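So the structure is just underneath, and the comments pick up after that.
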Amino acid sequence: MTSSASHRNQSSLVRTTRSVLTLLLLISALSVLLTACGSDSHYRAQAEQNKQAFEKELQHASDIGVPDTYLKSIQKQKDALNNTFAPLTLFSLNGQAVDQYYNNLATRYKQLTIQTQGVVPVATQQLQNQASKDLENWQRLLGQQNSKGLPVDTLKANYTASQAKLKTAKLPKDYNAIIAEANTGMKTLNMLGDTAEKLNSFKETIDLMADGKLDVTTYQQKYQTNKDAMGKA
């Protein structure tokens with residue numbers, strides 16, 4: 001008798017548990033459905049439209065070469081918005097809150113679009129200034145190394161080409177390219193100076209060895225090979 005009663009209690013508990021789970025699933029499904037039905041679709045559509053416009057503007061900024069450092073704050077705000085969700089509505093009791101959520105979302109995406117559009121001219125101007133400054137530094141270093149008798153003809157030609165590009169540059173990526181060329185040119189000039197100093201020291205050592213009646217044929221060949229290579233820089 002006790003065993004039979006225990007079995008009935010267990011069966012009743014299982015049925016109750018199933019009923020509760022079914023009810024919870026039903027409420028959850030209804031909540032999702034009513035979230036969509038309990039708000040004005042106009043607000044959702046506007047939010048989605050503004051989001052697409054913003055993402056298009058952000059992609060455009062990236063495509064024309066605006067550095068990530070200028071877009072970092074905007075990207076952070078975008079990620080924050082992507083992690084927000086509309087409030088759930090139950091039996092259309094919270095439809096106004098959902099409408100307000102999507103309305104605010106539309107406003108935020110509109111603001112981000114304007115912010116992104118404003119970053120482009122700022123980045124362009126700053127990169128233009130940086131490119132001009134780097135070219136001036138490159139020109140100055142060319143003069144210094146040329147006065148030392150270093151072979152800088154090739155680097156002079158590179159500088160002239162970059163200077164011409166500056167006159168027609170319009171986009172951030174154009175100025176980024178000029179900045180990169182100037183940095184490469186200055187780095188090469190500095191390396192050229194270091195190499196020249198080492199070659200001069202090497203030549204002095206060879207001369208001392210020659211004065212000591214030592215065979216320096218191999219060293220002279222190495223010196224000349226390195227000097228010729230430097231002349232082609």
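The chains in the structure tokens are called A, B, ... from first to last as shown; in each chain the residues are counted from 1, and the ligands are counted from 1 in the order shown.
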Any idea what's packed within 9 Å of Leu142 of chain A, counting only C-alpha atoms, ignoring anything in its chain fewer than 2 positions away? Could you give it as a short mmCIF file (atom, residue, chain, number, x, y, z; two decimals) with N, CA and C atoms, in the first residue's frame?
data_model
loop_
_atom_site.label_atom_id
_atom_site.label_comp_id
_atom_site.auth_asym_id
_atom_site.auth_seq_id
_atom_site.Cartn_x
_atom_site.Cartn_y
_atom_site.Cartn_z
N ASN A 137 60.94 67.01 -43.35
CA ASN A 137 62.02 66.34 -42.63
C ASN A 137 62.86 65.48 -43.57
N TRP A 138 62.19 64.84 -44.50
CA TRP A 138 62.90 64.01 -45.49
C TRP A 138 63.82 64.88 -46.34
N GLN A 139 63.31 66.01 -46.78
CA GLN A 139 64.11 66.92 -47.60
C GLN A 139 65.32 67.43 -46.83
N ARG A 140 65.11 67.77 -45.57
CA ARG A 140 66.20 68.27 -44.73
C ARG A 140 67.29 67.21 -44.56
N GLN A 144 71.36 67.04 -45.68
CA GLN A 144 72.45 66.74 -44.75
C GLN A 144 73.32 65.59 -45.26
N GLN A 145 72.69 64.54 -45.72
CA GLN A 145 73.46 63.39 -46.20
C GLN A 145 74.16 63.69 -47.52
N ASN A 146 73.55 64.52 -48.33
CA ASN A 146 74.17 64.90 -49.60
C ASN A 146 75.43 65.73 -49.35
N SER A 147 75.38 66.58 -48.32
CA SER A 147 76.54 67.41 -47.99
C SER A 147 77.72 66.58 -47.50
N VAL A 152 72.84 59.93 -52.86
CA VAL A 152 71.42 60.05 -52.51
C VAL A 152 70.54 60.34 -53.73
N LEU A 155 67.26 58.37 -53.77
CA LEU A 155 66.35 58.83 -52.73
C LEU A 155 65.81 60.23 -53.03
N LYS A 156 66.60 61.03 -53.73
CA LYS A 156 66.11 62.34 -54.18
C LYS A 156 64.95 62.17 -55.15
N TYR A 159 61.90 61.15 -53.28
CA TYR A 159 61.33 62.31 -52.59
C TYR A 159 60.52 63.18 -53.55
N MET A 186 63.53 58.31 -45.00
CA MET A 186 64.38 58.79 -43.91
C MET A 186 65.12 57.65 -43.22
N LEU A 189 68.02 56.77 -45.44
CA LEU A 189 69.08 57.78 -45.35
C LEU A 189 69.90 57.61 -44.08
#
Excluding Thr160 of chain A and any residue of its chain fewer than 3 positions from it, enumerate the residues within 12 Å of it, using only C-alpha atoms, and give them as a PyMOL selection string. chain A and resi 135-136+138-139+142+153-157+163-167+178+181-182+185
Grab the residues selected above and save them as a PDB file, in the first residue's frame with C-alpha atoms.
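Output contents, as saved in again-v5.pdb:
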ATOM      1  CA  LEU A 135      58.300  65.454 -46.423  1.00  0.00           C
ATOM      2  CA  GLU A 136      60.014  68.529 -44.992  1.00  0.00           C
ATOM      3  CA  TRP A 138      62.895  64.013 -45.486  1.00  0.00           C
ATOM      4  CA  GLN A 139      64.105  66.919 -47.605  1.00  0.00           C
ATOM      5  CA  LEU A 142      68.531  64.513 -47.844  1.00  0.00           C
ATOM      6  CA  ASP A 153      70.312  60.444 -56.133  1.00  0.00           C
ATOM      7  CA  THR A 154      67.822  57.573 -55.981  1.00  0.00           C
ATOM      8  CA  LEU A 155      66.352  58.832 -52.726  1.00  0.00           C
ATOM      9  CA  LYS A 156      66.105  62.337 -54.175  1.00  0.00           C
ATOM     10  CA  ALA A 157      64.042  60.935 -57.035  1.00  0.00           C
ATOM     11  CA  GLN A 163      56.218  65.521 -53.203  1.00  0.00           C
ATOM     12  CA  ALA A 164      54.252  65.379 -56.458  1.00  0.00           C
ATOM     13  CA  LYS A 165      51.751  62.962 -54.903  1.00  0.00           C
ATOM     14  CA  LEU A 166      51.078  65.424 -52.094  1.00  0.00           C
ATOM     15  CA  LYS A 167      49.768  67.961 -54.597  1.00  0.00           C
ATOM     16  CA  ILE A 178      53.042  59.530 -48.530  1.00  0.00           C
ATOM     17  CA  GLU A 181      57.174  56.666 -48.170  1.00  0.00           C
ATOM     18  CA  ALA A 182      58.731  59.531 -46.219  1.00  0.00           C
ATOM     19  CA  GLY A 185      63.128  57.306 -47.182  1.00  0.00           C
TER      20      GLY A 185
END
Counting only C-alpha atoms, the residue among A:Glu57, A:Asp174, A:Asp99, A:Asp79 that lies closest to Gln125 of chain A is A:Asp174
Using backbone DSSP assignments, extract all helix (DSSP H, G or I) residues from segment 47-226 of chain A; output them as an NGL selection string. :A and (47-63 or 68-82 or 95-147 or 153-168 or 172-211 or 217-226)
Quick one: write out the picked residues with C-alpha atoms as a compact mmCIF listing (two decimals), in the first residue's frame?
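Saved result, result.txt, follows:
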# COMPACT_ATOMS: atom_id res chain seq x y z
CA ALA A 47 16.18 52.04 -36.04
CA GLU A 48 17.23 49.41 -38.59
CA GLN A 49 17.40 52.00 -41.37
CA ASN A 50 19.59 54.31 -39.28
CA LYS A 51 21.79 51.39 -38.28
CA GLN A 52 22.40 50.45 -41.90
CA ALA A 53 23.17 54.07 -42.81
CA PHE A 54 25.66 54.31 -39.95
CA GLU A 55 27.40 51.04 -40.83
CA LYS A 56 27.69 52.19 -44.44
CA GLU A 57 29.27 55.46 -43.32
CA LEU A 58 31.66 53.65 -40.99
CA GLN A 59 32.72 51.27 -43.76
CA HIS A 60 33.26 54.21 -46.10
CA ALA A 61 35.53 55.91 -43.57
CA SER A 62 37.57 52.74 -43.28
CA ASP A 63 37.71 52.25 -47.06
CA ASP A 68 41.46 52.89 -36.70
CA THR A 69 42.63 55.25 -33.95
CA TYR A 70 40.15 57.86 -35.19
CA LEU A 71 37.30 55.34 -35.26
CA LYS A 72 38.04 53.54 -32.00
CA SER A 73 35.53 55.50 -29.91
CA ILE A 74 32.82 55.11 -32.54
CA GLN A 75 33.44 51.38 -32.83
CA LYS A 76 33.21 51.07 -29.05
CA GLN A 77 29.82 52.81 -29.04
CA LYS A 78 28.66 50.57 -31.87
CA ASP A 79 29.60 47.45 -29.91
CA ALA A 80 27.74 48.77 -26.87
CA LEU A 81 24.56 49.30 -28.91
CA ASN A 82 24.84 45.81 -30.38
CA GLY A 95 4.60 48.21 -25.80
CA GLN A 96 5.40 51.84 -25.06
CA ALA A 97 8.73 50.88 -23.49
CA VAL A 98 9.63 48.89 -26.60
CA ASP A 99 8.73 51.82 -28.84
CA GLN A 100 10.89 54.09 -26.71
CA TYR A 101 13.78 51.64 -26.94
CA TYR A 102 13.73 51.55 -30.74
CA ASN A 103 13.24 55.30 -30.94
CA ASN A 104 16.31 55.84 -28.75
CA LEU A 105 18.22 53.29 -30.81
CA ALA A 106 17.38 55.14 -34.02
CA THR A 107 18.58 58.40 -32.45
CA ARG A 108 21.87 56.88 -31.29
CA TYR A 109 22.64 55.44 -34.74
CA LYS A 110 21.85 58.82 -36.29
CA GLN A 111 24.26 60.48 -33.88
CA LEU A 112 26.97 57.94 -34.66
CA THR A 113 26.50 58.56 -38.38
CA ILE A 114 27.01 62.29 -37.89
CA GLN A 115 30.00 61.62 -35.63
CA THR A 116 31.59 59.36 -38.25
CA GLN A 117 31.03 61.93 -40.98
CA GLY A 118 32.75 64.52 -38.79
CA VAL A 119 35.80 62.32 -38.20
CA VAL A 120 36.64 62.06 -41.91
CA PRO A 121 37.61 65.72 -42.57
CA VAL A 122 39.45 65.92 -39.24
CA ALA A 123 41.51 62.82 -40.00
CA THR A 124 42.15 64.00 -43.56
CA GLN A 125 43.45 67.39 -42.43
CA GLN A 126 45.67 65.96 -39.71
CA LEU A 127 47.14 63.35 -42.04
CA GLN A 128 47.77 66.03 -44.68
CA ASN A 129 49.66 68.08 -42.10
CA GLN A 130 51.66 65.03 -41.04
CA ALA A 131 52.54 64.17 -44.64
CA SER A 132 53.76 67.72 -45.29
CA LYS A 133 55.84 67.70 -42.12
CA ASP A 134 57.39 64.32 -42.91
CA LEU A 135 58.30 65.45 -46.42
CA GLU A 136 60.01 68.53 -44.99
CA ASN A 137 62.02 66.34 -42.63
CA TRP A 138 62.90 64.01 -45.49
CA GLN A 139 64.11 66.92 -47.60
CA ARG A 140 66.20 68.27 -44.73
CA LEU A 141 67.84 64.89 -44.13
CA LEU A 142 68.53 64.51 -47.84
CA GLY A 143 70.43 67.79 -47.78
CA GLN A 144 72.45 66.74 -44.75
CA GLN A 145 73.46 63.39 -46.20
CA ASN A 146 74.17 64.90 -49.60
CA SER A 147 76.54 67.41 -47.99
CA ASP A 153 70.31 60.44 -56.13
CA THR A 154 67.82 57.57 -55.98
CA LEU A 155 66.35 58.83 -52.73
CA LYS A 156 66.11 62.34 -54.18
CA ALA A 157 64.04 60.93 -57.04
CA ASN A 158 61.81 59.11 -54.56
CA TYR A 159 61.33 62.31 -52.59
CA THR A 160 60.38 64.25 -55.72
CA ALA A 161 57.79 61.61 -56.61
CA SER A 162 56.26 61.73 -53.12
CA GLN A 163 56.22 65.52 -53.20
CA ALA A 164 54.25 65.38 -56.46
CA LYS A 165 51.75 62.96 -54.90
CA LEU A 166 51.08 65.42 -52.09
CA LYS A 167 49.77 67.96 -54.60
CA THR A 168 47.08 65.58 -55.86
CA PRO A 172 43.35 59.82 -45.91
CA LYS A 173 44.81 56.75 -47.60
CA ASP A 174 46.67 59.03 -50.05
CA TYR A 175 48.35 60.85 -47.18
CA ASN A 176 49.00 57.57 -45.35
CA ALA A 177 50.95 56.35 -48.39
CA ILE A 178 53.04 59.53 -48.53
CA ILE A 179 53.78 59.31 -44.80
CA ALA A 180 54.93 55.71 -45.23
CA GLU A 181 57.17 56.67 -48.17
CA ALA A 182 58.73 59.53 -46.22
CA ASN A 183 59.42 57.32 -43.22
CA THR A 184 61.00 54.68 -45.44
CA GLY A 185 63.13 57.31 -47.18
CA MET A 186 64.38 58.79 -43.91
CA LYS A 187 65.12 55.36 -42.49
CA THR A 188 67.14 54.50 -45.59
CA LEU A 189 69.08 57.78 -45.35
CA ASN A 190 69.96 57.12 -41.73
CA MET A 191 71.08 53.60 -42.58
CA LEU A 192 73.12 55.04 -45.44
CA GLY A 193 74.93 57.33 -43.03
CA ASP A 194 75.65 54.48 -40.62
CA THR A 195 76.94 52.31 -43.45
CA ALA A 196 79.20 55.09 -44.71
CA GLU A 197 80.76 55.50 -41.27
CA LYS A 198 81.42 51.77 -41.01
CA LEU A 199 82.93 51.70 -44.49
CA ASN A 200 85.23 54.60 -43.62
CA SER A 201 86.40 52.77 -40.51
CA PHE A 202 86.91 49.63 -42.57
CA LYS A 203 88.94 51.59 -45.13
CA GLU A 204 91.15 53.05 -42.41
CA THR A 205 91.79 49.55 -41.07
CA ILE A 206 92.71 48.30 -44.55
CA ASP A 207 95.12 51.20 -45.02
CA LEU A 208 96.83 50.43 -41.72
CA MET A 209 97.16 46.78 -42.68
CA ALA A 210 98.60 47.78 -46.05
CA ASP A 211 101.13 50.05 -44.34
CA THR A 217 93.49 42.16 -51.44
CA THR A 218 90.45 40.32 -50.10
CA TYR A 219 89.53 43.17 -47.76
CA GLN A 220 89.85 45.73 -50.53
CA GLN A 221 87.50 43.69 -52.69
CA LYS A 222 84.94 43.50 -49.89
CA TYR A 223 85.26 47.22 -49.28
CA GLN A 224 84.71 48.05 -52.94
CA THR A 225 81.73 45.69 -53.20
CA ASN A 226 80.04 47.32 -50.21
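Rounded to one decimal, atom CA of Gly65 of chain A and atom CA of Asn83 of chain A lie 27.3 Å from each other.
Here atom CA of Ala169 of chain A and atom CA of Pro151 of chain A stand 29.1 Å from one another.
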